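Undergrad: Encoded as structure tokens, here's the structure I'll be asking about.
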Amino acid sequence: NARIPYLEIARNCNVSGAAIHQRIQRLTNMGVIQGTECLINPAALGYHTCAFISLYLKDPNNYQKAIDGLKQIPEVVECHCTTGPYDLFIKLYAHNNDHLLEIIQNKLQPLGMARTETFISLTNSFTRSAHIDEQ
């Protein structure tokens, strides 16, 4: 929780606030901590549909062009290059299923998709950061 003051973390760890500050700075410099962010509730903004979509490109040579196009679609929040039969895998938020269909037809298909496969998330059971082993 990035909002916890260093002194509170220090008390919980039985070390000084300066030690926590130094450790956080070192983890940041090492690239372990890449920043902090506010978590937004998409439903509170009217985005009630979360979907994962596998994308199959007509021409795999247009991979970077497709990624550049996906970056311009604000509803797309993640884009992954994966192993498997498809070229890209994205996560997006839409207002509803009609909006999702509009995004697929009017924003994704023009980027050179041969086809897409869509998975709608019914609920997010949990989200967490990568596990950190104690050393």
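Chain lettering (A, B, ...) mirrors the order of the structure tokens, residue numbering begins at 1 for each chain separately, and ligand numbering begins at 1 in order of display.
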Quick one: contact table of range 77-133 of chain A to range 34-55 of chain A, 10 Å max, nearest atom pair and distance in Å to one decimal per residue, counting only C-alpha atoms, chain and number order, as a Markdown table?
TA:
| residue | atom | partner | partner_atom | distance |
| --- | --- | --- | --- | --- |
| A:Glu78 | CA | A:Phe52 | CA | 9.2 |
| A:Cys79 | CA | A:Ile53 | CA | 9.6 |
| A:His80 | CA | A:Ser54 | CA | 9.5 |
| A:Cys81 | CA | A:Leu55 | CA | 9.9 |
| A:Thr82 | CA | A:Ser54 | CA | 9.7 |
| A:Pro85 | CA | A:Ser54 | CA | 9.2 |
| A:Tyr86 | CA | A:Leu55 | CA | 5.8 |
| A:Asp87 | CA | A:Leu55 | CA | 5.8 |
| A:Leu88 | CA | A:Leu55 | CA | 5.1 |
| A:Phe89 | CA | A:Ser54 | CA | 4.5 |
| A:Ile90 | CA | A:Ile53 | CA | 5.3 |
| A:Lys91 | CA | A:Phe52 | CA | 4.5 |
| A:Leu92 | CA | A:Ala51 | CA | 5.5 |
| A:Tyr93 | CA | A:Cys50 | CA | 4.6 |
| A:Ala94 | CA | A:Tyr47 | CA | 5.0 |
| A:His95 | CA | A:Tyr47 | CA | 4.0 |
| A:Asn96 | CA | A:Thr49 | CA | 5.2 |
| A:Asn97 | CA | A:Thr49 | CA | 6.7 |
| A:Asp98 | CA | A:Thr49 | CA | 9.8 |
| A:His99 | CA | A:Thr49 | CA | 8.8 |
| A:Leu100 | CA | A:Thr49 | CA | 7.6 |
| A:Ile104 | CA | A:Ile53 | CA | 9.2 |
| A:Leu108 | CA | A:Leu55 | CA | 8.7 |
| A:Gln109 | CA | A:Leu55 | CA | 9.4 |
| A:Gly112 | CA | A:Leu55 | CA | 9.6 |
| A:Met113 | CA | A:Leu55 | CA | 6.6 |
| A:Ala114 | CA | A:Leu55 | CA | 7.9 |
| A:Arg115 | CA | A:Leu55 | CA | 6.4 |
| A:Thr116 | CA | A:Leu55 | CA | 4.8 |
| A:Glu117 | CA | A:Ser54 | CA | 5.1 |
| A:Thr118 | CA | A:Ile53 | CA | 4.4 |
| A:Phe119 | CA | A:Phe52 | CA | 5.1 |
| A:Ile120 | CA | A:Ala51 | CA | 4.3 |
| A:Ser121 | CA | A:Cys50 | CA | 5.4 |
| A:Leu122 | CA | A:Cys50 | CA | 7.8 |
| A:Thr123 | CA | A:Cys50 | CA | 8.5 |
| A:Asn124 | CA | A:Cys50 | CA | 9.1 |
Undergrad: Name the residues of range 13-116 of chain A that fall into helix (DSSP H, G or I) according to DSSP on the backbone, using the chain letters and numbers of this document, as a PyMOL selection string.
TA: chain A and resi 13+17-29+42-45+60-71+97-111
Undergrad: Taking the backbone alone, and naming residues the way the document does, which bits of chain A are strand (DSSP E or B) by DSSP, as a short mmCIF file (atom, residue, chain, number, x, y, z; two decimals) with N, CA and C atoms, in the first residue's frame?
TA:
data_model
loop_
_atom_site.label_atom_id
_atom_site.label_comp_id
_atom_site.auth_asym_id
_atom_site.auth_seq_id
_atom_site.Cartn_x
_atom_site.Cartn_y
_atom_site.Cartn_z
N THR A 49 -18.42 -3.76 -18.35
CA THR A 49 -17.99 -4.98 -19.04
C THR A 49 -16.47 -5.01 -19.14
N CYS A 50 -15.89 -6.05 -18.59
CA CYS A 50 -14.45 -6.30 -18.73
C CYS A 50 -14.31 -7.49 -19.67
N ALA A 51 -13.47 -7.33 -20.68
CA ALA A 51 -13.29 -8.41 -21.66
C ALA A 51 -11.82 -8.64 -21.94
N PHE A 52 -11.51 -9.88 -22.21
CA PHE A 52 -10.19 -10.30 -22.68
C PHE A 52 -10.38 -10.77 -24.11
N ILE A 53 -9.55 -10.28 -25.02
CA ILE A 53 -9.74 -10.59 -26.43
C ILE A 53 -8.43 -11.08 -27.03
N SER A 54 -8.50 -12.24 -27.66
CA SER A 54 -7.34 -12.73 -28.41
C SER A 54 -7.47 -12.21 -29.84
N LEU A 55 -6.37 -11.70 -30.35
CA LEU A 55 -6.36 -11.07 -31.67
C LEU A 55 -5.50 -11.87 -32.63
N TYR A 56 -6.05 -12.12 -33.79
CA TYR A 56 -5.34 -12.81 -34.85
C TYR A 56 -5.15 -11.81 -35.98
N LEU A 57 -3.91 -11.50 -36.31
CA LEU A 57 -3.62 -10.52 -37.36
C LEU A 57 -3.70 -11.16 -38.75
N VAL A 76 -8.72 -0.02 -24.13
CA VAL A 76 -7.73 -1.10 -24.00
C VAL A 76 -6.77 -0.71 -22.88
N VAL A 77 -6.72 -1.55 -21.83
CA VAL A 77 -5.88 -1.25 -20.67
C VAL A 77 -4.64 -2.13 -20.57
N GLU A 78 -4.61 -3.25 -21.29
CA GLU A 78 -3.44 -4.13 -21.30
C GLU A 78 -3.32 -4.76 -22.68
N CYS A 79 -2.08 -5.01 -23.09
CA CYS A 79 -1.81 -5.69 -24.34
C CYS A 79 -0.61 -6.61 -24.12
N HIS A 80 -0.77 -7.87 -24.47
CA HIS A 80 0.29 -8.86 -24.25
C HIS A 80 0.59 -9.61 -25.55
N LEU A 88 -1.87 -11.48 -30.35
CA LEU A 88 -1.92 -10.56 -29.21
C LEU A 88 -3.10 -10.91 -28.32
N PHE A 89 -3.00 -10.53 -27.07
CA PHE A 89 -4.07 -10.76 -26.10
C PHE A 89 -4.26 -9.45 -25.35
N ILE A 90 -5.48 -8.91 -25.35
CA ILE A 90 -5.72 -7.62 -24.72
C ILE A 90 -6.81 -7.71 -23.65
N LYS A 91 -6.78 -6.74 -22.76
CA LYS A 91 -7.83 -6.57 -21.76
C LYS A 91 -8.42 -5.19 -22.01
N LEU A 92 -9.74 -5.10 -22.00
CA LEU A 92 -10.38 -3.81 -22.18
C LEU A 92 -11.62 -3.69 -21.32
N TYR A 93 -12.06 -2.46 -21.14
CA TYR A 93 -13.30 -2.17 -20.43
C TYR A 93 -14.25 -1.46 -21.38
N ALA A 94 -15.51 -1.87 -21.35
CA ALA A 94 -16.56 -1.25 -22.15
C ALA A 94 -17.74 -0.92 -21.24
N MET A 113 -7.19 -7.10 -38.19
CA MET A 113 -7.46 -8.37 -37.54
C MET A 113 -8.09 -9.35 -38.53
N ALA A 114 -7.60 -10.58 -38.52
CA ALA A 114 -8.24 -11.65 -39.29
C ALA A 114 -9.48 -12.10 -38.54
N ARG A 115 -9.34 -12.18 -37.21
CA ARG A 115 -10.48 -12.52 -36.35
C ARG A 115 -10.11 -12.26 -34.90
N THR A 116 -11.10 -12.31 -34.06
CA THR A 116 -10.91 -12.12 -32.63
C THR A 116 -11.68 -13.19 -31.87
N GLU A 117 -11.26 -13.46 -30.66
CA GLU A 117 -12.03 -14.31 -29.74
C GLU A 117 -12.17 -13.52 -28.46
N THR A 118 -13.40 -13.38 -27.99
CA THR A 118 -13.68 -12.53 -26.84
C THR A 118 -14.14 -13.36 -25.66
N PHE A 119 -13.58 -13.04 -24.50
CA PHE A 119 -13.96 -13.66 -23.23
C PHE A 119 -14.41 -12.54 -22.31
N ILE A 120 -15.66 -12.60 -21.85
CA ILE A 120 -16.16 -11.57 -20.95
C ILE A 120 -15.96 -12.05 -19.53
N SER A 121 -15.37 -11.19 -18.70
CA SER A 121 -15.14 -11.51 -17.29
C SER A 121 -16.44 -11.27 -16.53
#
Undergrad: Measuring between only C-alpha atoms, which one of A:Leu101, A:Ile132, A:Ile4, A:Leu111 shows the shortest distance to Asp68 in chain A?
TA: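 For Asp68 in chain A, the nearest of the given residues is A:Leu111.
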